[in-house]
>>> print(open('data_35.txt').read())   # compact mmCIF, C-alpha atoms
# COMPACT_ATOMS: atom_id res chain seq x y z
CA MET A 1 -20.48 10.13 -10.80
CA ALA A 2 -19.29 8.53 -14.05
CA ASP A 3 -15.87 7.84 -12.59
CA TYR A 4 -13.74 9.11 -9.75
CA ILE A 5 -12.71 12.73 -9.94
CA GLU A 6 -9.50 13.23 -11.88
CA PRO A 7 -6.99 14.11 -9.11
CA LEU A 8 -8.19 11.13 -7.06
CA GLN A 9 -8.02 8.77 -10.02
CA ARG A 10 -4.58 10.04 -10.96
CA LEU A 11 -3.23 9.43 -7.47
CA ALA A 12 -4.85 5.99 -7.28
CA ASP A 13 -3.25 5.14 -10.64
CA MET A 14 0.16 5.99 -9.19
CA PHE A 15 -0.43 3.82 -6.13
CA ARG A 16 -1.40 0.97 -8.46
CA ARG A 17 2.08 1.01 -9.97
CA LEU A 18 3.48 -0.15 -6.65
CA ASP A 19 3.99 -3.91 -6.38
CA GLY A 20 1.12 -5.74 -4.76
CA ILE A 21 -1.28 -2.79 -4.75
CA GLY A 22 -4.55 -3.52 -6.56
CA ALA A 23 -7.27 -1.12 -7.71
CA LYS A 24 -9.26 -1.19 -4.45
CA THR A 25 -6.25 -0.69 -2.20
CA ALA A 26 -4.93 2.07 -4.48
CA LEU A 27 -8.20 3.95 -4.12
CA ARG A 28 -8.21 3.45 -0.35
CA LEU A 29 -4.67 4.82 -0.10
CA ALA A 30 -5.55 7.80 -2.32
CA PHE A 31 -8.41 8.61 0.05
CA CYS A 32 -5.98 8.47 2.97
CA VAL A 33 -3.85 11.09 1.24
CA ILE A 34 -6.87 13.36 0.80
CA ASN A 35 -7.33 13.19 4.56
CA PHE A 36 -3.67 14.08 5.17
CA SER A 37 -2.89 17.57 6.37
CA GLU A 38 -1.37 19.82 3.72
CA GLU A 39 1.94 19.55 5.56
CA GLU A 40 1.83 15.75 5.54
CA ALA A 41 0.98 15.65 1.84
CA ARG A 42 3.92 17.93 1.11
CA ALA A 43 6.25 15.76 3.23
CA PHE A 44 5.05 12.63 1.39
CA SER A 45 5.51 14.29 -1.99
CA ASP A 46 9.00 15.48 -1.03
CA ALA A 47 9.97 12.08 0.37
CA ILE A 48 9.19 10.45 -2.98
CA LEU A 49 11.35 12.90 -4.89
CA ALA A 50 14.11 12.64 -2.29
CA ALA A 51 14.10 8.84 -2.46
CA LYS A 52 14.60 9.11 -6.19
CA THR A 53 17.18 11.90 -6.25
CA GLU A 54 19.20 11.32 -3.06
CA ILE A 55 19.53 7.54 -3.27
CA THR A 56 22.40 6.41 -5.45
CA ARG A 57 24.26 3.13 -5.87
CA CYS A 58 27.38 2.32 -3.87
CA LYS A 59 30.34 2.52 -6.27
CA LYS A 60 31.73 -0.69 -4.82
CA CYS A 61 28.90 -3.12 -4.06
CA GLN A 62 26.01 -1.46 -5.96
CA ASN A 63 23.85 -1.40 -2.82
CA ILE A 64 21.65 1.66 -2.34
CA ALA A 65 23.59 4.51 -0.76
CA THR A 66 23.40 8.23 -0.10
CA GLY A 67 27.05 8.90 -0.91
CA GLU A 68 29.80 7.31 -3.00
CA LEU A 69 29.90 4.23 -0.80
CA CYS A 70 27.17 2.50 1.18
CA SER A 71 27.54 2.38 4.96
CA ILE A 72 28.77 -1.23 4.82
CA CYS A 73 31.53 -0.65 2.28
CA ALA A 74 32.46 2.59 4.05
CA SER A 75 32.56 1.10 7.55
CA GLY A 76 36.13 -0.26 7.29
CA ASP A 77 35.63 -3.03 9.86
CA ARG A 78 34.29 -5.66 7.45
CA ASP A 79 36.10 -8.66 6.02
CA GLU A 80 36.84 -7.46 2.48
CA SER A 81 37.89 -10.93 1.30
CA VAL A 82 34.31 -12.27 1.34
CA ILE A 83 31.61 -11.07 -1.05
CA CYS A 84 27.99 -12.13 -0.60
CA VAL A 85 26.11 -11.76 -3.89
CA VAL A 86 22.41 -10.90 -3.50
CA GLU A 87 19.53 -9.98 -5.78
CA ASP A 88 18.49 -6.69 -4.25
CA PRO A 89 19.07 -4.25 -1.36
CA ARG A 90 16.32 -5.92 0.66
CA ALA A 91 18.41 -9.08 0.85
CA VAL A 92 21.29 -7.02 2.27
CA ILE A 93 18.98 -5.72 4.97
CA ALA A 94 17.77 -9.26 5.76
CA ILE A 95 21.31 -10.63 6.10
CA GLU A 96 22.48 -7.64 8.13
CA LYS A 97 19.63 -8.22 10.57
CA MET A 98 21.14 -11.66 11.29
CA HIS A 99 24.19 -9.85 12.79
CA GLY A 100 26.49 -12.73 11.88
CA TYR A 101 27.97 -11.84 8.52
CA ARG A 102 31.07 -9.67 8.51
CA GLY A 103 31.98 -9.66 4.81
CA LEU A 104 30.92 -7.32 2.02
CA TYR A 105 28.05 -7.61 -0.47
CA HIS A 106 27.42 -7.32 -4.14
CA VAL A 107 23.91 -6.34 -5.24
CA LEU A 108 22.92 -7.66 -8.68
CA HIS A 109 19.70 -5.61 -8.90
CA GLY A 110 17.82 -8.50 -10.42
CA VAL A 111 18.23 -12.08 -11.61
CA LEU A 112 18.71 -13.60 -15.03
CA SER A 113 15.31 -14.00 -16.63
CA PRO A 114 14.98 -14.65 -20.36
CA MET A 115 11.21 -14.29 -19.94
CA ARG A 116 11.59 -10.72 -18.73
CA HIS A 117 14.52 -9.98 -21.07
CA VAL A 118 17.03 -9.72 -18.23
CA GLY A 119 20.43 -10.94 -19.37
CA PRO A 120 23.87 -10.61 -17.72
CA ASP A 121 24.25 -7.08 -19.09
CA GLN A 122 21.18 -5.87 -17.21
CA LEU A 123 22.69 -6.99 -13.89
CA THR A 124 25.81 -5.67 -12.14
CA ILE A 125 27.85 -8.74 -13.11
CA ARG A 126 30.57 -6.71 -14.88
CA GLU A 127 31.07 -4.75 -11.64
CA LEU A 128 31.35 -8.04 -9.72
CA THR A 129 34.07 -9.48 -11.98
CA ASP A 130 35.89 -6.13 -11.81
CA ARG A 131 35.99 -6.45 -8.02
CA ILE A 132 37.32 -9.98 -8.18
CA GLU A 133 39.91 -9.03 -10.80
CA ALA A 134 41.08 -6.20 -8.54
CA GLY A 135 42.22 -8.94 -6.12
CA GLY A 136 41.89 -9.62 -2.40
CA VAL A 137 38.71 -11.69 -2.71
CA GLY A 138 38.89 -15.20 -1.23
CA GLU A 139 35.25 -16.29 -1.27
CA VAL A 140 32.10 -15.42 -3.14
CA ILE A 141 28.87 -16.53 -1.46
CA LEU A 142 26.00 -16.78 -3.91
CA ALA A 143 22.93 -15.77 -1.93
CA THR A 144 20.39 -15.18 -4.67
CA ASN A 145 16.88 -16.35 -3.74
CA SER A 146 15.99 -20.05 -3.81
CA THR A 147 13.81 -19.63 -6.88
CA VAL A 148 14.30 -21.02 -10.37
CA GLU A 149 15.68 -17.68 -11.53
CA GLY A 150 17.80 -17.20 -8.40
CA ASP A 151 19.26 -20.71 -8.78
CA THR A 152 19.91 -20.16 -12.49
CA THR A 153 21.70 -16.89 -11.76
CA ALA A 154 23.80 -18.58 -9.07
CA MET A 155 24.74 -21.40 -11.49
CA TYR A 156 25.65 -18.87 -14.17
CA LEU A 157 27.83 -16.90 -11.77
CA ALA A 158 29.49 -20.06 -10.41
CA ARG A 159 30.56 -20.99 -13.94
CA LEU A 160 31.57 -17.42 -14.83
CA LEU A 161 33.68 -16.98 -11.70
CA ALA A 162 35.31 -20.43 -11.71
CA PRO A 163 38.38 -19.27 -13.73
CA TYR A 164 39.25 -16.68 -11.06
CA GLY A 165 40.19 -19.44 -8.62
CA VAL A 166 38.21 -18.02 -5.67
CA LYS A 167 36.08 -20.19 -3.41
CA ILE A 168 32.45 -20.08 -4.57
CA SER A 169 29.62 -21.17 -2.27
CA ARG A 170 25.83 -21.21 -2.32
CA ILE A 171 23.66 -20.67 0.76
CA ALA A 172 22.03 -23.86 2.06
CA ASN A 173 18.47 -25.00 1.51
CA GLY A 174 16.64 -26.75 4.32
CA VAL A 175 13.80 -26.60 6.77
CA PRO A 176 13.38 -23.11 8.27
CA VAL A 177 14.31 -22.92 11.95
CA GLY A 178 11.15 -23.17 14.04
CA GLY A 179 9.35 -24.61 11.04
CA ASP A 180 7.23 -27.74 11.28
CA LEU A 181 8.24 -30.58 8.93
CA GLU A 182 4.58 -31.12 8.20
CA TYR A 183 4.36 -27.77 6.48
CA ALA A 184 7.65 -27.91 4.54
CA ASP A 185 7.23 -28.50 0.81
CA GLU A 186 8.74 -31.61 -0.75
CA ILE A 187 11.63 -29.90 -2.50
CA THR A 188 12.67 -28.10 0.67
CA LEU A 189 12.53 -31.40 2.58
CA LYS A 190 14.53 -33.17 -0.12
CA ARG A 191 17.21 -30.46 0.05
CA ALA A 192 17.19 -30.64 3.85
CA MET A 193 17.81 -34.40 3.69
CA GLU A 194 20.54 -34.04 1.07
CA GLY A 195 22.22 -31.34 3.12
CA ARG A 196 22.14 -33.36 6.38
CA TYR A 197 25.29 -33.23 8.50
CA ASP A 198 26.86 -35.43 11.19
CA ILE A 199 26.21 -34.43 14.75
CA GLY A 200 27.24 -37.66 16.54
CA MET B 1 23.90 -1.04 8.01
CA ALA B 2 22.66 0.18 11.38
CA ASP B 3 19.33 1.21 9.92
CA TYR B 4 17.92 1.96 6.49
CA ILE B 5 19.37 4.95 4.70
CA GLU B 6 17.60 8.16 5.54
CA PRO B 7 15.66 8.92 2.31
CA LEU B 8 14.37 5.34 2.22
CA GLN B 9 13.35 5.41 5.87
CA ARG B 10 11.67 8.78 5.44
CA LEU B 11 9.60 7.53 2.49
CA ALA B 12 8.71 4.30 4.30
CA ASP B 13 7.58 6.39 7.30
CA MET B 14 5.22 8.33 5.02
CA PHE B 15 3.76 5.13 3.57
CA ARG B 16 3.18 3.88 7.12
CA ARG B 17 0.82 6.78 7.76
CA LEU B 18 -1.58 5.31 5.20
CA ASP B 19 -4.33 3.14 6.70
CA GLY B 20 -3.54 -0.55 6.74
CA ILE B 21 0.12 -0.18 5.75
CA GLY B 22 2.51 -1.77 8.23
CA ALA B 23 6.28 -1.41 8.55
CA LYS B 24 7.17 -4.25 6.16
CA THR B 25 4.74 -3.17 3.45
CA ALA B 26 5.84 0.46 3.81
CA LEU B 27 9.45 -0.55 3.21
CA ARG B 28 8.47 -2.68 0.23
CA LEU B 29 6.54 0.22 -1.30
CA ALA B 30 9.44 2.60 -0.68
CA PHE B 31 11.71 0.19 -2.59
CA CYS B 32 9.20 0.21 -5.46
CA VAL B 33 9.49 3.99 -5.64
CA ILE B 34 13.29 3.74 -5.82
CA ASN B 35 12.82 1.55 -8.87
CA PHE B 36 10.47 4.06 -10.47
CA SER B 37 11.79 6.15 -13.35
CA GLU B 38 12.51 9.76 -12.42
CA GLU B 39 9.47 10.75 -14.47
CA GLU B 40 7.21 8.32 -12.60
CA ALA B 41 8.48 9.51 -9.23
CA ARG B 42 7.76 13.10 -10.23
CA ALA B 43 4.27 12.15 -11.44
CA PHE B 44 3.60 10.36 -8.13
CA SER B 45 4.88 13.29 -6.13
CA ASP B 46 2.77 15.73 -8.16
CA ALA B 47 -0.33 13.52 -7.89
CA ILE B 48 -0.11 13.64 -4.10
CA LEU B 49 0.08 17.43 -4.04
CA ALA B 50 -2.68 17.71 -6.65
CA ALA B 51 -4.97 15.40 -4.67
CA LYS B 52 -4.51 17.70 -1.71
CA THR B 53 -4.77 21.04 -3.50
CA GLU B 54 -7.25 20.37 -6.33
CA ILE B 55 -9.80 18.32 -4.41
CA THR B 56 -12.33 20.42 -2.54
CA ARG B 57 -15.71 19.73 -0.97
CA CYS B 58 -18.94 20.15 -2.90
CA LYS B 59 -20.72 23.23 -1.53
CA LYS B 60 -24.01 21.35 -1.48
CA CYS B 61 -23.43 17.74 -0.42
CA GLN B 62 -19.86 17.97 0.97
CA ASN B 63 -18.69 15.15 -1.30
CA ILE B 64 -15.21 15.49 -2.78
CA ALA B 65 -15.21 17.67 -5.87
CA THR B 66 -12.92 19.58 -8.18
CA GLY B 67 -15.19 22.60 -8.54
CA GLU B 68 -17.94 24.31 -6.53
CA LEU B 69 -20.27 21.36 -6.93
CA CYS B 70 -19.56 17.63 -7.25
CA SER B 71 -20.57 15.95 -10.51
CA ILE B 72 -23.69 14.48 -8.88
CA CYS B 73 -25.05 17.77 -7.53
CA ALA B 74 -24.09 19.49 -10.79
CA SER B 75 -25.66 16.89 -13.07
CA GLY B 76 -29.20 18.32 -12.89
CA ASP B 77 -30.93 15.02 -13.65
CA ARG B 78 -31.10 13.74 -10.07
CA ASP B 79 -34.09 13.66 -7.75
CA GLU B 80 -33.33 16.59 -5.45
CA SER B 81 -36.05 15.64 -2.97
CA VAL B 82 -34.11 12.63 -1.65
CA ILE B 83 -30.88 12.94 0.32
CA CYS B 84 -28.82 9.87 1.17
CA VAL B 85 -26.58 10.57 4.17
CA VAL B 86 -23.27 8.67 4.13
CA GLU B 87 -20.11 8.63 6.20
CA ASP B 88 -17.55 9.30 3.50
CA PRO B 89 -17.02 9.76 -0.26
CA ARG B 90 -16.25 6.06 -0.66
CA ALA B 91 -19.82 5.25 0.31
CA VAL B 92 -21.03 7.59 -2.44
CA ILE B 93 -18.92 5.67 -4.96
CA ALA B 94 -20.27 2.34 -3.68
CA ILE B 95 -23.90 3.46 -3.97
CA GLU B 96 -23.33 5.04 -7.40
CA LYS B 97 -21.91 1.72 -8.64
CA MET B 98 -25.29 0.14 -7.86
CA HIS B 99 -26.78 2.39 -10.63
CA GLY B 100 -30.15 2.43 -8.92
CA TYR B 101 -30.18 5.53 -6.75
CA ARG B 102 -31.24 8.78 -8.40
CA GLY B 103 -31.29 11.14 -5.43
CA LEU B 104 -28.58 13.34 -3.97
CA TYR B 105 -26.13 12.66 -1.15
CA HIS B 106 -24.84 14.26 1.98
CA VAL B 107 -21.34 13.28 3.12
CA LEU B 108 -20.80 13.56 6.88
CA HIS B 109 -17.01 13.00 6.71
CA GLY B 110 -17.06 10.80 9.76
CA VAL B 111 -19.35 9.40 12.44
CA LEU B 112 -20.07 10.42 15.99
CA SER B 113 -17.42 8.90 18.22
CA PRO B 114 -16.89 10.11 21.76
CA MET B 115 -13.84 7.83 21.95
CA ARG B 116 -12.16 9.72 19.13
CA HIS B 117 -13.56 13.09 20.20
CA VAL B 118 -15.85 13.39 17.18
CA GLY B 119 -19.02 15.25 18.08
CA PRO B 120 -21.76 16.73 15.86
CA ASP B 121 -19.67 19.85 15.23
CA GLN B 122 -16.89 17.83 13.62
CA LEU B 123 -19.31 16.41 11.05
CA THR B 124 -21.21 18.26 8.32
CA ILE B 125 -24.53 18.06 10.22
CA ARG B 126 -25.07 21.83 10.22
CA GLU B 127 -24.81 21.76 6.40
CA LEU B 128 -27.38 18.95 6.30
CA THR B 129 -29.95 20.78 8.40
CA ASP B 130 -29.34 23.90 6.28
CA ARG B 131 -30.25 21.89 3.18
CA ILE B 132 -33.42 20.57 4.77
CA GLU B 133 -34.37 24.01 6.04
CA ALA B 134 -33.96 25.38 2.51
CA GLY B 135 -36.90 23.15 1.56
CA GLY B 136 -37.68 20.70 -1.21
CA VAL B 137 -36.48 17.64 0.66
CA GLY B 138 -39.01 14.83 1.06
CA GLU B 139 -36.87 11.97 2.34
CA VAL B 140 -33.56 11.53 4.13
CA ILE B 141 -32.04 8.04 3.85
CA LEU B 142 -29.56 7.38 6.64
CA ALA B 143 -26.89 5.17 5.05
CA THR B 144 -24.10 5.36 7.60
CA ASN B 145 -22.29 2.05 8.06
CA SER B 146 -23.84 -0.77 10.08
CA THR B 147 -21.39 -0.32 12.91
CA VAL B 148 -22.00 0.82 16.47
CA GLU B 149 -20.84 4.31 15.57
CA GLY B 150 -22.71 4.35 12.26
CA ASP B 151 -25.91 3.24 13.99
CA THR B 152 -25.45 5.80 16.76
CA THR B 153 -24.96 8.57 14.22
CA ALA B 154 -28.08 7.46 12.34
CA MET B 155 -30.11 7.46 15.56
CA TYR B 156 -28.79 10.90 16.46
CA LEU B 157 -29.70 12.27 13.02
CA ALA B 158 -33.14 10.63 13.07
CA ARG B 159 -33.92 12.41 16.33
CA LEU B 160 -32.39 15.70 15.17
CA LEU B 161 -34.28 15.72 11.88
CA ALA B 162 -37.67 14.57 13.23
CA PRO B 163 -38.97 18.13 13.78
CA TYR B 164 -38.52 18.96 10.08
CA GLY B 165 -41.33 16.59 9.17
CA VAL B 166 -39.45 14.84 6.35
CA LYS B 167 -39.50 11.07 5.89
CA ILE B 168 -36.45 9.53 7.53
CA SER B 169 -35.33 5.99 6.66
CA ARG B 170 -32.41 3.71 7.47
CA ILE B 171 -30.93 1.22 4.99
CA ALA B 172 -31.83 -2.39 5.77
CA ASN B 173 -29.70 -4.98 7.51
CA GLY B 174 -29.77 -8.57 6.34
CA VAL B 175 -27.94 -11.43 4.74
CA PRO B 176 -25.77 -10.23 1.83
CA VAL B 177 -27.01 -11.39 -1.57
CA GLY B 178 -25.07 -14.50 -2.61
CA GLY B 179 -24.02 -14.97 1.02
CA ASP B 180 -24.25 -18.31 2.75
CA LEU B 181 -26.34 -18.29 5.95
CA GLU B 182 -23.69 -20.46 7.56
CA TYR B 183 -21.22 -17.59 7.42
CA ALA B 184 -23.55 -14.79 8.48
CA ASP B 185 -22.95 -13.55 12.02
CA GLU B 186 -25.72 -13.83 14.59
CA ILE B 187 -26.65 -10.17 14.69
CA THR B 188 -26.93 -10.00 10.89
CA LEU B 189 -29.13 -13.10 10.93
CA LYS B 190 -31.27 -11.67 13.71
CA ARG B 191 -31.77 -8.46 11.71
CA ALA B 192 -32.51 -10.47 8.57
CA MET B 193 -35.22 -12.38 10.45
CA GLU B 194 -36.68 -9.22 11.96
CA GLY B 195 -36.75 -7.57 8.54
CA ARG B 196 -38.45 -10.50 6.82
CA TYR B 197 -41.21 -9.64 4.35
CA ASP B 198 -44.22 -11.43 2.85
CA ILE B 199 -43.74 -12.99 -0.51
CA GLY B 200 -46.77 -15.34 -0.62
>>> encode(input="data_35.txt", output="structure tokens")
Amino acid sequence: MADYIEPLQRLADMFRRLDGIGAKTALRLAFCVINFSEEEARAFSDAILAAKTEITRCKKCQNIATGELCSICASGDRDESVICVVEDPRAVIAIEKMHGYRGLYHVLHGVLSPMRHVGPDQLTIRELTDRIEAGGVGEVILATNSTVEGDTTAMYLARLLAPYGVKISRIANGVPVGGDLEYADEITLKRAMEGRYDIG
Amino acid sequence: MADYIEPLQRLADMFRRLDGIGAKTALRLAFCVINFSEEEARAFSDAILAAKTEITRCKKCQNIATGELCSICASGDRDESVICVVEDPRAVIAIEKMHGYRGLYHVLHGVLSPMRHVGPDQLTIRELTDRIEAGGVGEVILATNSTVEGDTTAMYLARLLAPYGVKISRIANGVPVGGDLEYADEITLKRAMEGRYDIG
């Protein structure tokens, strides 16, 4: 066999386009599909199309949604004066799982990255300033990831939003709860020390 | 957000059915698909259906194929007197990559496993004996995996095929080439010792 048969190779190539899936895993997954029942394969195929066609962006916060508004913006029992700005819908899910945040979100769908040609126009920053200009916003929490790009994006937004006179905050860095100091990296430890607070 | 939105959850559920994909990875992959272009999503969806509908089993060796015969059985320049019996098409690919085997294959599509209710009738054993009965076969190499089930299947086949008077062999166990003895498990080492050969 010179190579894998075409339909198998084609499917493996599609799996490879998914983040974190290498050539070997892609082939393994393609074999799994071959062993699916015809019904399962059809359901999988349909689910992919449905995810692409049925999922839209919330008109307000840009989170993924199935209607005009996402379930958070549509719920009506959230504190509309607080906006938590995140990189992607996964961050929304993570914060929601904490069950402690009652404000709204704003999903940027990326971070500023000159390397990857992502500037402010590629993110939903215009939509964020529109929301703030519309009034009623008291605080913007910048919850982009604690990476160089996430920090840069937060800094950029902090400067951009300063003229609006709303409170702007950044989520804290520190040692993860349950984490052992021994395993924390130096920058995290440094931030944890800088962010220390009185308890006595 | 009480849960993930339905189309996302549905797609993640399909990814979870693939071997080795857990809930977190499934969700991550589903998010990748959302970020696909519409064209890519359609290609992925089509590839899944095509893998299911276009891939058939080779009439001769039961390997995956796109026509009546797989490319190996159809090639005409293989030694048709040797049949290497393997568990699945992936094993065929692995052996072909070695570029040293010139015989044909027979793909069982599984191994005997009373635990999972897989008996001889669920495998392509009938097709194998048919091939041997048709004549022209001089050797059957049992290359099922070196697992309890693979070994059991090999033993079963060795006994079943004995009356046909063909040579029956089993691939060798031993220390992997390039492998450090320190990391070899005891059973592998024991087999490597038992299988030692004269070099002096």
>>> atom_distance(input="data_35.txt", atom1="CA of Thr147 (chain B)", atom2="CA of Gly110 (chain B)")
12.3 Å
>>> atom_distance(input="data_35.txt", atom1="CA of Tyr197 (chain A)", atom2="CA of Ala154 (chain A)")
22.9 Å
>>> atom_distance(input="data_35.txt", atom1="CA of Glu127 (chain A)", atom2="CA of Ile141 (chain A)")
15.7 Å
>>> residues_near_point(input="data_35.txt", point="(42.4, -20.0, -6.2)", cutoff="10 Å", atoms="all atoms listed in the file", output="list of chain:residue names")
A:Val137, A:Gly138, A:Glu139, A:Ala162, A:Pro163, A:Tyr164, A:Gly165, A:Val166, A:Lys167
>>> write_last_selection(input="data_35.txt", atoms="C-alpha atoms", output="JSON list (two decimals), in the coordinates of the input")
[["chain", "number", "residue", "atom", "x", "y", "z"],
["A", 137, "VAL", "CA", 38.71, -11.69, -2.71],
["A", 138, "GLY", "CA", 38.89, -15.20, -1.23],
["A", 139, "GLU", "CA", 35.25, -16.29, -1.27],
["A", 162, "ALA", "CA", 35.31, -20.43, -11.71],
["A", 163, "PRO", "CA", 38.38, -19.27, -13.73],
["A", 164, "TYR", "CA", 39.25, -16.68, -11.06],
["A", 165, "GLY", "CA", 40.19, -19.44, -8.62],
["A", 166, "VAL", "CA", 38.21, -18.02, -5.67],
["A", 167, "LYS", "CA", 36.08, -20.19, -3.41]]
>>> closest_atom_pairs(input="data_35.txt", of="chain A", to="chain B", cutoff="8 Å", atoms="all atoms listed in the file", output="JSON lines")
{"residue": "A:Met1", "atom": "CA", "partner": "B:Ile72", "partner_atom": "CA", "distance": 5.7}
{"residue": "A:Tyr4", "atom": "CA", "partner": "B:Ile93", "partner_atom": "CA", "distance": 7.8}
{"residue": "A:Ile5", "atom": "CA", "partner": "B:Ala65", "partner_atom": "CA", "distance": 6.9}
{"residue": "A:Pro7", "atom": "CA", "partner": "B:Ala51", "partner_atom": "CA", "distance": 5.0}
{"residue": "A:Leu8", "atom": "CA", "partner": "B:Ala51", "partner_atom": "CA", "distance": 5.9}
{"residue": "A:Arg10", "atom": "CA", "partner": "B:Ala47", "partner_atom": "CA", "distance": 6.3}
{"residue": "A:Leu11", "atom": "CA", "partner": "B:Ala47", "partner_atom": "CA", "distance": 5.0}
{"residue": "A:Met14", "atom": "CA", "partner": "B:Phe44", "partner_atom": "CA", "distance": 5.7}
{"residue": "A:Phe15", "atom": "CA", "partner": "B:Phe44", "partner_atom": "CA", "distance": 7.9}
{"residue": "A:Leu18", "atom": "CA", "partner": "B:Cys32", "partner_atom": "CA", "distance": 5.9}
{"residue": "A:Asp19", "atom": "CA", "partner": "B:Cys32", "partner_atom": "CA", "distance": 6.7}
{"residue": "A:Leu29", "atom": "CA", "partner": "B:Leu18", "partner_atom": "CA", "distance": 6.2}
{"residue": "A:Ala30", "atom": "CA", "partner": "B:Ala51", "partner_atom": "CA", "distance": 8.0}
{"residue": "A:Cys32", "atom": "CA", "partner": "B:Leu18", "partner_atom": "CA", "distance": 5.9}
{"residue": "A:Val33", "atom": "CA", "partner": "B:Ile48", "partner_atom": "CA", "distance": 7.0}
{"residue": "A:Ile34", "atom": "CA", "partner": "B:Lys52", "partner_atom": "CA", "distance": 5.5}
{"residue": "A:Phe36", "atom": "CA", "partner": "B:Lys52", "partner_atom": "CA", "distance": 7.8}
{"residue": "A:Glu38", "atom": "CA", "partner": "B:Lys52", "partner_atom": "CA", "distance": 6.6}
{"residue": "A:Ala41", "atom": "CA", "partner": "B:Leu49", "partner_atom": "CA", "distance": 6.2}
{"residue": "A:Arg42", "atom": "CA", "partner": "B:Leu49", "partner_atom": "CA", "distance": 6.4}
{"residue": "A:Ala43", "atom": "CA", "partner": "B:Met14", "partner_atom": "CA", "distance": 7.7}
{"residue": "A:Phe44", "atom": "CA", "partner": "B:Met14", "partner_atom": "CA", "distance": 5.6}
{"residue": "A:Ser45", "atom": "CA", "partner": "B:Ser45", "partner_atom": "CA", "distance": 4.3}
{"residue": "A:Asp46", "atom": "CA", "partner": "B:Ser45", "partner_atom": "CA", "distance": 6.9}
{"residue": "A:Ala47", "atom": "CA", "partner": "B:Leu11", "partner_atom": "CA", "distance": 5.0}
{"residue": "A:Ile48", "atom": "CA", "partner": "B:Ser45", "partner_atom": "CA", "distance": 6.0}
{"residue": "A:Leu49", "atom": "CA", "partner": "B:Ala41", "partner_atom": "CA", "distance": 6.2}
{"residue": "A:Ala50", "atom": "CA", "partner": "B:Pro7", "partner_atom": "CA", "distance": 6.1}
{"residue": "A:Ala51", "atom": "CA", "partner": "B:Pro7", "partner_atom": "CA", "distance": 5.0}
{"residue": "A:Lys52", "atom": "CA", "partner": "B:Ile34", "partner_atom": "CA", "distance": 5.5}
{"residue": "A:Glu54", "atom": "CA", "partner": "B:Pro7", "partner_atom": "CA", "distance": 6.9}
{"residue": "A:Ile55", "atom": "CA", "partner": "B:Pro7", "partner_atom": "CA", "distance": 6.9}
{"residue": "A:Ala65", "atom": "CA", "partner": "B:Ile5", "partner_atom": "CA", "distance": 6.9}
{"residue": "A:Thr66", "atom": "CA", "partner": "B:Ile5", "partner_atom": "CA", "distance": 7.1}
{"residue": "A:Ser71", "atom": "CA", "partner": "B:Met1", "partner_atom": "CA", "distance": 5.9}
{"residue": "A:Ile72", "atom": "CA", "partner": "B:Met1", "partner_atom": "CA", "distance": 5.8}
{"residue": "A:Ile93", "atom": "CA", "partner": "B:Met1", "partner_atom": "CA", "distance": 7.4}
{"residue": "A:Glu96", "atom": "CA", "partner": "B:Met1", "partner_atom": "CA", "distance": 6.8}
>>> residues_around(input="data_35.txt", residues="Asp130 (chain B)", least_positions_apart="3", cutoff="12 Å", atoms="only C-alpha atoms", output="PDB file with C-alpha atoms, in the frame of the given file")
ATOM      1  CA  LYS B  59     -20.720  23.230  -1.530  1.00  0.00           C
ATOM      2  CA  LYS B  60     -24.010  21.350  -1.480  1.00  0.00           C
ATOM      3  CA  CYS B  61     -23.430  17.740  -0.420  1.00  0.00           C
ATOM      4  CA  HIS B 106     -24.840  14.260   1.980  1.00  0.00           C
ATOM      5  CA  THR B 124     -21.210  18.260   8.320  1.00  0.00           C
ATOM      6  CA  ILE B 125     -24.530  18.060  10.220  1.00  0.00           C
ATOM      7  CA  ARG B 126     -25.070  21.830  10.220  1.00  0.00           C
ATOM      8  CA  GLU B 127     -24.810  21.760   6.400  1.00  0.00           C
ATOM      9  CA  GLU B 133     -34.370  24.010   6.040  1.00  0.00           C
ATOM     10  CA  ALA B 134     -33.960  25.380   2.510  1.00  0.00           C
ATOM     11  CA  GLY B 135     -36.900  23.150   1.560  1.00  0.00           C
ATOM     12  CA  GLY B 136     -37.680  20.700  -1.210  1.00  0.00           C
ATOM     13  CA  VAL B 137     -36.480  17.640   0.660  1.00  0.00           C
ATOM     14  CA  LEU B 161     -34.280  15.720  11.880  1.00  0.00           C
ATOM     15  CA  TYR B 164     -38.520  18.960  10.080  1.00  0.00           C
TER      16      TYR B 164
END
>>> residues_around(input="data_35.txt", residues="Glu87 (chain B)", least_positions_apart="3", cutoff="7 Å", atoms="all atoms listed in the file", output="number ranges by chain")
B: 91, 107-111, 144
>>> write_last_selection(input="data_35.txt", atoms="C-alpha atoms", output="short mmCIF file (atom, residue, chain, number, x, y, z; two decimals), keeping the file's coordinate frame")
data_model
loop_
_atom_site.label_atom_id
_atom_site.label_comp_id
_atom_site.auth_asym_id
_atom_site.auth_seq_id
_atom_site.Cartn_x
_atom_site.Cartn_y
_atom_site.Cartn_z
CA ALA B 91 -19.82 5.25 0.31
CA VAL B 107 -21.34 13.28 3.12
CA LEU B 108 -20.80 13.56 6.88
CA HIS B 109 -17.01 13.00 6.71
CA GLY B 110 -17.06 10.80 9.76
CA VAL B 111 -19.35 9.40 12.44
CA THR B 144 -24.10 5.36 7.60
#
